[in-house]
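Structure data follow from run_25.cif (mmCIF, C-alpha atoms):
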data_model
loop_
_atom_site.label_atom_id
_atom_site.label_comp_id
_atom_site.auth_asym_id
_atom_site.auth_seq_id
_atom_site.Cartn_x
_atom_site.Cartn_y
_atom_site.Cartn_z
CA MET A 1 0.13 -19.82 17.36
CA LYS A 2 -0.41 -17.10 19.93
CA LYS A 3 -3.60 -15.09 19.36
CA LEU A 4 -2.78 -11.39 19.14
CA ASN A 5 -4.77 -8.33 20.24
CA PHE A 6 -5.22 -5.54 17.72
CA ALA A 7 -6.18 -1.87 17.82
CA ILE A 8 -7.27 0.17 14.78
CA ILE A 9 -6.25 3.85 14.59
CA GLY A 10 -8.18 5.72 11.92
CA CYS A 11 -11.72 4.53 11.21
CA GLY A 12 -12.44 6.05 7.82
CA ARG A 13 -12.67 4.81 4.22
CA ILE A 14 -10.20 1.89 4.23
CA SER A 15 -10.68 0.71 7.82
CA TYR A 16 -13.44 -1.76 6.92
CA LYS A 17 -10.71 -3.84 5.27
CA HIS A 18 -8.87 -3.93 8.60
CA VAL A 19 -12.02 -5.21 10.28
CA GLU A 20 -12.38 -7.77 7.49
CA GLY A 21 -8.76 -8.87 7.93
CA LEU A 22 -9.30 -9.40 11.65
CA VAL A 23 -12.64 -11.17 11.37
CA GLU A 24 -11.34 -13.54 8.70
CA ASN A 25 -8.36 -14.33 10.95
CA LYS A 26 -10.43 -14.51 14.12
CA GLU A 27 -8.76 -17.69 15.35
CA ILE A 28 -5.45 -15.80 15.69
CA ALA A 29 -6.56 -12.15 15.90
CA ASN A 30 -8.78 -10.19 18.26
CA LEU A 31 -9.81 -6.53 18.09
CA VAL A 32 -9.68 -4.84 21.51
CA ALA A 33 -9.73 -1.10 20.64
CA THR A 34 -10.65 1.39 17.95
CA CYS A 35 -9.57 5.00 17.73
CA ASP A 36 -10.44 8.05 15.66
CA VAL A 37 -10.35 11.79 16.30
CA LYS A 38 -14.07 11.59 15.56
CA LEU A 39 -15.23 9.35 18.39
CA GLU A 40 -18.43 8.44 16.56
CA LEU A 41 -16.34 6.79 13.82
CA ALA A 42 -14.42 4.76 16.40
CA GLU A 43 -17.72 3.68 17.97
CA ALA A 44 -19.14 2.74 14.57
CA LYS A 45 -16.05 0.68 13.74
CA LYS A 46 -16.31 -1.10 17.08
CA ASP A 47 -19.95 -1.95 16.31
CA GLU A 48 -19.03 -3.10 12.80
CA TYR A 49 -16.52 -5.57 14.22
CA ILE A 50 -18.91 -6.84 16.91
CA ASN A 51 -21.66 -7.36 14.32
CA LYS A 52 -19.33 -9.26 11.97
CA MET A 53 -18.27 -11.52 14.82
CA ASN A 54 -21.86 -12.84 14.86
CA GLY A 55 -22.47 -12.77 18.59
CA SER A 56 -19.03 -13.99 19.64
CA GLU A 57 -18.04 -12.65 23.02
CA VAL A 58 -15.79 -9.64 22.35
CA ASN A 59 -14.75 -6.61 24.35
CA VAL A 60 -13.80 -3.58 22.27
CA LYS A 61 -13.26 -0.04 23.59
CA ALA A 62 -13.48 3.10 21.45
CA PHE A 63 -11.16 6.11 21.86
CA GLU A 64 -10.53 9.46 20.23
CA ASP A 65 -6.87 9.76 21.36
CA TYR A 66 -4.50 6.95 20.47
CA LYS A 67 -2.06 7.91 23.24
CA VAL A 68 -4.82 7.53 25.83
CA MET A 69 -5.82 4.25 24.20
CA LEU A 70 -2.30 2.83 24.57
CA GLU A 71 -2.19 3.85 28.24
CA GLU A 72 -5.58 2.40 29.11
CA VAL A 73 -5.53 -0.82 27.05
CA LYS A 74 -2.39 -2.59 28.15
CA ASP A 75 -2.74 -5.82 26.20
CA ILE A 76 -2.54 -4.42 22.65
CA ASP A 77 0.00 -6.38 20.58
CA VAL A 78 -0.50 -4.84 17.14
CA VAL A 79 -1.70 -1.43 16.00
CA THR A 80 -3.07 -0.92 12.50
CA ILE A 81 -2.95 2.64 11.17
CA ALA A 82 -5.50 3.83 8.60
CA THR A 83 -5.42 7.59 9.16
CA GLU A 84 -4.62 10.33 6.69
CA SER A 85 -1.25 9.54 5.09
CA GLY A 86 0.49 12.55 6.59
CA TYR A 87 0.02 11.17 10.11
CA HIS A 88 1.26 7.64 9.42
CA ALA A 89 4.87 8.18 10.49
CA GLU A 90 4.13 10.12 13.67
CA ILE A 91 1.61 7.57 14.93
CA ALA A 92 3.66 4.53 13.89
CA ILE A 93 6.80 5.82 15.59
CA TYR A 94 4.91 6.58 18.81
CA CYS A 95 3.30 3.13 18.86
CA MET A 96 6.54 1.30 18.11
CA ASN A 97 8.30 3.23 20.86
CA LYS A 98 5.60 1.84 23.15
CA GLY A 99 6.58 -1.68 22.07
CA LYS A 100 3.68 -2.27 19.66
CA HIS A 101 3.95 -4.01 16.31
CA VAL A 102 2.54 -1.89 13.47
CA ILE A 103 0.67 -2.41 10.22
CA VAL A 104 0.39 0.92 8.40
CA GLU A 105 -1.55 1.74 5.26
CA LYS A 106 0.28 3.05 2.20
CA PRO A 107 2.18 5.27 1.82
CA MET A 108 4.20 4.41 4.91
CA ALA A 109 5.25 8.08 5.22
CA MET A 110 5.37 11.32 3.26
CA SER A 111 9.14 11.81 3.37
CA MET A 112 12.25 9.68 3.08
CA GLN A 113 13.45 10.90 6.47
CA ASP A 114 10.25 9.76 8.22
CA ALA A 115 10.25 6.40 6.44
CA GLU A 116 13.87 5.76 7.39
CA GLU A 117 13.12 6.74 10.99
CA MET A 118 10.19 4.29 11.10
CA ILE A 119 12.46 1.46 9.97
CA LYS A 120 15.07 2.43 12.58
CA VAL A 121 12.53 2.67 15.41
CA ALA A 122 11.13 -0.77 14.55
CA LYS A 123 14.62 -2.26 14.79
CA ASP A 124 15.48 -0.37 17.98
CA ASN A 125 12.33 -1.66 19.70
CA ASN A 126 12.46 -5.16 18.20
CA VAL A 127 8.96 -4.85 16.76
CA LYS A 128 7.55 -5.65 13.33
CA LEU A 129 6.70 -2.90 10.86
CA ALA A 130 4.51 -3.97 7.93
CA VAL A 131 2.97 -1.83 5.19
CA ALA A 132 -0.35 -2.54 3.48
CA HIS A 133 0.71 -3.16 -0.11
CA GLN A 134 -1.89 -5.90 -0.08
CA ASN A 135 -2.05 -6.46 -3.84
CA ARG A 136 1.20 -8.42 -3.59
CA PHE A 137 -0.94 -11.26 -2.25
CA ASN A 138 -3.20 -11.41 -5.34
CA ARG A 139 -2.98 -14.86 -6.95
CA PRO A 140 -2.03 -13.59 -10.45
CA ILE A 141 0.62 -11.32 -8.86
CA GLN A 142 2.02 -14.30 -6.95
CA LYS A 143 2.08 -16.30 -10.21
CA MET A 144 4.01 -13.49 -11.91
CA ARG A 145 6.44 -13.27 -9.01
CA GLU A 146 7.09 -17.01 -9.18
CA ALA A 147 7.95 -16.64 -12.87
CA ILE A 148 10.30 -13.76 -12.04
CA GLU A 149 12.10 -15.77 -9.36
CA ALA A 150 12.37 -18.78 -11.65
CA GLY A 151 13.94 -16.63 -14.39
CA ARG A 152 11.19 -17.52 -16.85
CA PHE A 153 11.02 -14.03 -18.37
CA GLY A 154 14.63 -14.24 -19.56
CA ARG A 155 16.13 -10.77 -19.61
CA ILE A 156 13.45 -8.36 -18.41
CA MET A 157 13.39 -5.31 -20.65
CA ASN A 158 10.58 -3.21 -19.26
CA GLY A 159 7.52 -3.03 -17.07
CA THR A 160 4.43 -0.84 -17.17
CA ALA A 161 2.14 0.31 -14.39
CA ARG A 162 -1.07 1.97 -15.57
CA VAL A 163 -3.72 3.36 -13.23
CA LEU A 164 -6.44 5.08 -15.24
CA TRP A 165 -9.09 6.09 -12.76
CA ARG A 166 -11.61 8.82 -12.06
CA ARG A 167 -11.79 10.88 -8.87
CA ASP A 168 -14.30 13.70 -9.12
CA ASP A 169 -14.85 16.83 -7.06
CA ASN A 170 -17.06 14.98 -4.58
CA TYR A 171 -14.22 12.60 -3.70
CA TYR A 172 -12.02 15.51 -2.64
CA LYS A 173 -14.83 17.43 -0.94
CA GLN A 174 -15.62 14.40 1.26
CA ALA A 175 -12.20 14.73 2.91
CA PRO A 176 -10.39 18.07 2.44
CA TRP A 177 -7.01 16.48 3.29
CA ARG A 178 -7.07 14.56 0.02
CA GLY A 179 -4.78 15.98 -2.62
CA THR A 180 -2.85 18.17 -0.18
CA TRP A 181 0.94 18.06 -0.12
CA ASP A 182 1.15 17.69 3.66
CA LEU A 183 -1.34 14.86 4.17
CA ASP A 184 -1.80 13.05 0.86
CA GLY A 185 0.13 14.10 -2.23
CA GLY A 186 -1.42 13.63 -5.64
CA THR A 187 -2.63 10.66 -7.64
CA LEU A 188 0.83 9.08 -7.87
CA MET A 189 1.06 8.88 -4.09
CA ASN A 190 -2.56 8.04 -3.34
CA GLN A 191 -4.00 6.05 -6.23
CA CYS A 192 -0.88 4.72 -8.00
CA ILE A 193 1.53 3.64 -5.27
CA HIS A 194 0.23 0.05 -5.16
CA ASN A 195 0.90 -0.52 -8.84
CA ILE A 196 4.24 1.29 -8.67
CA ASP A 197 5.15 -1.05 -5.82
CA LEU A 198 4.26 -4.12 -7.89
CA MET A 199 6.24 -2.90 -10.89
CA GLN A 200 9.40 -2.14 -8.93
CA TRP A 201 9.08 -5.46 -7.06
CA MET A 202 9.04 -7.34 -10.36
CA LEU A 203 11.87 -5.28 -11.88
CA GLY A 204 14.22 -5.65 -8.92
CA GLY A 205 13.82 -2.43 -6.94
CA ASP A 206 17.42 -1.25 -7.43
CA ILE A 207 16.92 2.16 -9.03
CA GLU A 208 19.35 4.27 -11.02
CA ARG A 209 17.26 7.36 -11.86
CA VAL A 210 13.72 8.71 -12.18
CA TYR A 211 12.20 11.32 -14.49
CA ALA A 212 8.61 12.58 -14.32
CA GLU A 213 6.09 14.90 -15.90
CA CYS A 214 3.00 15.73 -13.84
CA ASP A 215 0.15 18.21 -13.92
CA THR A 216 -3.14 19.12 -12.25
CA PHE A 217 -5.68 19.23 -15.06
CA ARG A 218 -9.14 19.39 -13.51
CA ASN A 219 -9.35 18.49 -9.82
CA PRO A 220 -9.24 21.27 -7.17
CA ILE A 221 -6.17 19.89 -5.38
CA GLU A 222 -2.57 20.85 -4.61
CA GLY A 223 -1.09 17.60 -5.92
CA GLU A 224 -1.15 16.17 -9.44
CA ASP A 225 -4.18 14.46 -10.92
CA PHE A 226 -2.04 13.05 -13.74
CA GLY A 227 1.54 11.84 -13.63
CA ALA A 228 3.94 10.00 -15.91
CA ILE A 229 7.19 8.48 -14.64
CA ILE A 230 10.16 6.82 -16.32
CA VAL A 231 12.22 4.65 -13.95
CA ARG A 232 15.62 3.30 -15.00
CA PHE A 233 16.66 0.30 -12.94
CA LYS A 234 20.28 -0.70 -12.40
CA SER A 235 19.47 -4.00 -14.12
CA GLY A 236 18.92 -1.98 -17.31
CA ALA A 237 15.14 -2.48 -17.27
CA ILE A 238 12.90 0.53 -17.81
CA GLY A 239 9.69 1.08 -15.86
CA ILE A 240 6.89 3.26 -17.21
CA VAL A 241 4.16 4.62 -14.94
CA GLU A 242 0.97 6.26 -16.19
CA GLY A 243 -1.24 7.48 -13.37
CA SER A 244 -4.49 9.38 -13.82
CA ALA A 245 -7.42 10.40 -11.65
CA VAL A 246 -9.13 12.28 -14.49
CA VAL A 247 -10.29 9.55 -16.89
CA TYR A 248 -13.76 10.30 -18.28
CA PRO A 249 -16.27 9.29 -17.06
CA LYS A 250 -15.20 6.51 -14.64
CA ASN A 251 -12.37 4.13 -13.73
CA LEU A 252 -10.96 2.39 -16.79
CA GLU A 253 -8.13 0.08 -15.69
CA GLU A 254 -5.32 -0.78 -13.31
CA THR A 255 -2.79 -2.82 -15.23
CA LEU A 256 0.67 -4.25 -14.63
CA GLY A 257 2.75 -5.55 -17.51
CA ILE A 258 6.15 -7.25 -17.45
CA PHE A 259 8.02 -7.90 -20.70
CA GLY A 260 11.08 -10.11 -21.11
CA THR A 261 13.00 -11.82 -23.88
CA GLU A 262 11.29 -15.13 -23.10
CA GLY A 263 8.00 -14.17 -21.49
CA THR A 264 5.16 -11.65 -21.41
CA ALA A 265 2.59 -11.23 -18.65
CA VAL A 266 -0.12 -8.62 -18.13
CA ILE A 267 -2.43 -8.41 -15.13
CA GLY A 268 -5.44 -6.09 -15.01
CA GLY A 269 -8.88 -6.03 -13.47
CA LEU A 270 -10.36 -3.90 -10.71
CA ALA A 271 -7.40 -4.42 -8.37
CA VAL A 272 -4.69 -6.06 -10.56
CA ASN A 273 -6.48 -9.34 -9.90
CA GLU A 274 -7.21 -10.63 -13.40
CA LEU A 275 -4.61 -12.32 -15.60
CA LYS A 276 -4.98 -10.82 -19.10
CA THR A 277 -1.91 -12.18 -20.88
CA TRP A 278 0.41 -15.10 -20.04
CA ARG A 279 2.81 -16.05 -22.82
CA PHE A 280 5.57 -18.49 -21.92
CA GLU A 281 6.87 -21.43 -23.92
CA GLY A 282 4.95 -24.57 -22.99
CA ASP A 283 2.24 -22.89 -20.89
CA ASP A 284 -1.50 -23.15 -21.61
CA GLU A 285 -2.46 -19.48 -21.37
CA GLU A 286 -6.23 -19.99 -21.18
CA ALA A 287 -6.03 -22.73 -18.56
CA ILE A 288 -3.77 -20.61 -16.35
CA LYS A 289 -6.07 -17.60 -16.75
CA SER A 290 -9.07 -19.71 -15.72
CA ASP A 291 -7.27 -21.19 -12.72
CA LEU A 292 -6.32 -17.77 -11.35
CA GLN A 293 -9.74 -16.10 -11.61
CA VAL A 294 -10.76 -14.40 -8.33
CA GLU A 295 -13.81 -12.21 -7.74
CA ILE A 296 -12.97 -8.77 -6.31
CA ASP A 297 -15.54 -6.40 -4.83
CA SER A 298 -13.50 -3.16 -4.71
CA VAL A 299 -10.19 -1.57 -5.72
CA TYR A 300 -8.87 -2.59 -2.30
CA GLY A 301 -8.97 -6.25 -3.35
CA LYS A 302 -8.80 -9.13 -0.88
CA GLY A 303 -5.21 -8.85 0.24
CA HIS A 304 -5.67 -7.49 3.75
CA THR A 305 -6.67 -10.88 5.12
CA PRO A 306 -3.48 -12.72 4.04
CA LEU A 307 -1.42 -9.63 4.91
CA PHE A 308 -2.75 -9.62 8.48
CA ARG A 309 -2.16 -13.37 8.76
CA ASP A 310 1.41 -12.96 7.55
CA VAL A 311 2.12 -10.27 10.15
CA ILE A 312 0.70 -12.44 12.94
CA GLU A 313 2.84 -15.34 11.77
CA ALA A 314 5.90 -13.07 11.48
CA ILE A 315 5.44 -11.96 15.09
CA ASN A 316 4.98 -15.51 16.34
CA GLU A 317 7.92 -16.81 14.30
CA ASP A 318 10.07 -13.71 14.90
CA ARG A 319 10.74 -13.17 11.21
CA LYS A 320 10.45 -10.29 8.76
CA PRO A 321 6.93 -9.54 7.47
CA TYR A 322 6.32 -10.26 3.79
CA ILE A 323 5.97 -6.52 3.14
CA SER A 324 8.28 -4.70 5.55
CA GLY A 325 9.24 -1.06 5.92
CA GLU A 326 12.40 -1.78 3.92
CA ASP A 327 10.20 -3.06 1.07
CA ALA A 328 7.70 -0.20 1.20
CA ILE A 329 10.27 2.60 1.19
CA ILE A 330 11.18 1.71 -2.42
CA PRO A 331 7.88 2.70 -4.11
CA LEU A 332 7.75 5.73 -1.82
CA SER A 333 11.21 6.78 -3.02
CA ILE A 334 10.13 6.49 -6.66
CA ILE A 335 7.17 8.81 -6.10
CA LEU A 336 9.16 11.32 -4.08
CA ALA A 337 11.84 11.30 -6.78
CA ALA A 338 9.09 11.92 -9.34
CA TYR A 339 7.95 14.92 -7.32
CA LYS A 340 11.50 16.23 -7.12
CA SER A 341 11.87 15.71 -10.86
CA ARG A 342 8.64 17.62 -11.46
CA LYS A 343 9.92 20.47 -9.32
CA THR A 344 13.36 20.68 -10.91
CA GLY A 345 12.49 19.60 -14.44
CA MET A 346 15.43 17.21 -14.31
CA PRO A 347 16.01 13.47 -13.87
CA VAL A 348 16.74 12.48 -10.26
CA ASN A 349 19.63 10.12 -9.63
CA PHE A 350 19.63 7.60 -6.79
CA PRO A 351 20.21 7.20 -3.93
CA LEU A 352 17.51 9.78 -3.27
CA GLU A 353 18.44 12.44 -0.76
CA ASN A 354 15.78 13.30 1.78
CA PHE A 355 12.73 14.72 0.04
CA SER A 356 9.18 15.24 1.26
CA SER A 357 5.83 15.70 -0.40
CA SER A 358 5.63 18.97 1.54
CA ASP A 359 8.70 20.22 -0.33
CA MET A 360 6.41 20.67 -3.34
CA LYS A 361 4.76 23.69 -1.76
#
Starting from the coordinates I provided, produce the structure as structure tokens.
Amino acid sequence: MKKLNFAIIGCGRISYKHVEGLVENKEIANLVATCDVKLELAEAKKDEYINKMNGSEVNVKAFEDYKVMLEEVKDIDVVTIATESGYHAEIAIYCMNKGKHVIVEKPMAMSMQDAEEMIKVAKDNNVKLAVAHQNRFNRPIQKMREAIEAGRFGRIMNGTARVLWRRDDNYYKQAPWRGTWDLDGGTLMNQCIHNIDLMQWMLGGDIERVYAECDTFRNPIEGEDFGAIIVRFKSGAIGIVEGSAVVYPKNLEETLGIFGTEGTAVIGGLAVNELKTWRFEGDDEEAIKSDLQVEIDSVYGKGHTPLFRDVIEAINEDRKPYISGEDAIIPLSIILAAYKSRKTGMPVNFPLENFSSSDMK
């Protein structure tokens, strides 16, 4: 397999997981450049990678302008984007137009129009576009997906996605872009999109309509700090989302539940990594729970490493990434429909016309 050269754009909070994904795939991945508008962050990320490579001979350059980086470092194969959400589309489109494959953090964009353009640009340039919904790689999630594909749930009636977390004033003061309509959205877009993605993936992703109630109860932000969504799928299944960033006094749970006529499964834990309930005829629930136990050190989980490997393999094999732009636009559309529903007070029927987080202003 051809070893690919990577560049990281955006060296803030989540970027250490990009370094981790590269280091743990070091036989097929190599970091050659880092970039951040704050050059000191790009330099620090470069040093972090070099230190984790334990003295291996590496050559990484730091930049504060990604356009300059792409001109000066000619051998970049893949760009990973971990900037503020509102810049994802602009940077991804520019990089793909330069012939670079892209891994972008969630959400892939802040509007349907931008997300659709990203998908189009990837096709036009024959490059891969992958989105970091890394929790799909969690072992209990994979077990649930296998049961879905095998039809073991019978008729699926409903699914629940609960994210009951705490984000205090300090979280928003650390980065003033958080909670803004232009660059972030509220808790549904920032904290809950991973679980919304998992729920829609299990329920089939073909959406009929969305209704939402949201509010901003305590945090000093433009977006919501609590949101509730009802999603009706064309299969007849109903999805229920409960997303909060105001749980007292700290994070409580992130839980995904799928309920069918012949099976029930619930996954919780710090990053939907712990099998809580597994009830299928003939299965030993406790043995399966024990087999799937994985230690997680943060809400980001351990999915970036297999996600990066999958993208490298997809490039080498010229196939679709496991989590493509076409996959990631679905949870984005649910959240944008929820925002539109909040604004109008009405259910939103699909297909969703172009709508942007910024339209909430």
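Here CA of Tyr339 (chain A) stands at a distance of 8.8 Å from CA of Phe355 (chain A).
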What does the structure give for the distance between CA of Lys361 (chain A) and CA of Gly243 (chain A), in Å to one decimal? 20.8 Å
From the list A:Val246, A:Lys143, A:Lys98, A:Ile196, which residue is nearest Asp169 (chain A) when using all atoms listed in the file? A:Val246
Suppose a student applies the PyMOL selection byres ((chain A and resi 255) around 8) to this structure; what residues should they get, written as a PyMOL selection string? chain A and resi 160-163+195+253-254+256-257+266-269+272
Can you list what the PyMOL selection byres ((chain A and resi 208-217) around 7) grabs from this structure, as number ranges by chain? A: 206-207, 218-219, 223-234, 334, 337-338, 341-342, 346-350
Out of A:Ile329, A:Ala7, A:Leu275, A:Met96, which residue has the shortest atom-to-atom distance to Ala287 (chain A) when counting all atoms listed in the file?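 Checking each of A:Ile329, A:Ala7, A:Leu275, A:Met96 against Ala287 (chain A), counting all atoms listed in the file, the winner is A:Leu275.
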Pick from A:Leu270, A:Ala175, A:Val241, A:Ala328 nearest to Met118 (chain A), counting only C-alpha atoms: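 Going through A:Leu270, A:Ala175, A:Val241, A:Ala328 one by one, the smallest distance to Met118 (chain A) is for A:Ala328.
The smallest atom-to-atom distance between Gly303 (chain A) and any of A:Arg136, A:Lys38, A:Lys123, A:Lys289, using all atoms listed in the file, is found for A:Arg136.
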Report as a VMD selection string the residues that result from applying the PyMOL selection byres ((chain A and resi 89-92) around 10) to the structure here. chain A and resid 9 66 to 67 79 to 81 83 85 to 88 93 to 98 100 to 104 107 to 111 113 to 118 121 to 122 129
Please indicate the distance in Å from CA of Gly186 (chain A) to CA of Val78 (chain A), rounded to one decimal place.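 According to the coordinates, CA of Gly186 (chain A) and CA of Val78 (chain A) are separated by 29.3 Å.
Among the candidates A:Asn54, A:Ala82, A:Val37, A:Ser356, the residue lying nearest to Met69 (chain A) is A:Val37 (atoms considered: all atoms listed in the file).
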Using all atoms listed in the file: which of A:Ser235, A:Asn30, A:Asn170, A:Gln134 has the shortest distance to Ser324 (chain A): A:Gln134
Could you give me, as a PyMOL selection string, the residues within 9 Å of Phe280 (chain A), counting all atoms listed in the file and dropping anything in the same chain fewer than 5 positions from it? chain A and resi 152-153+262-265+285
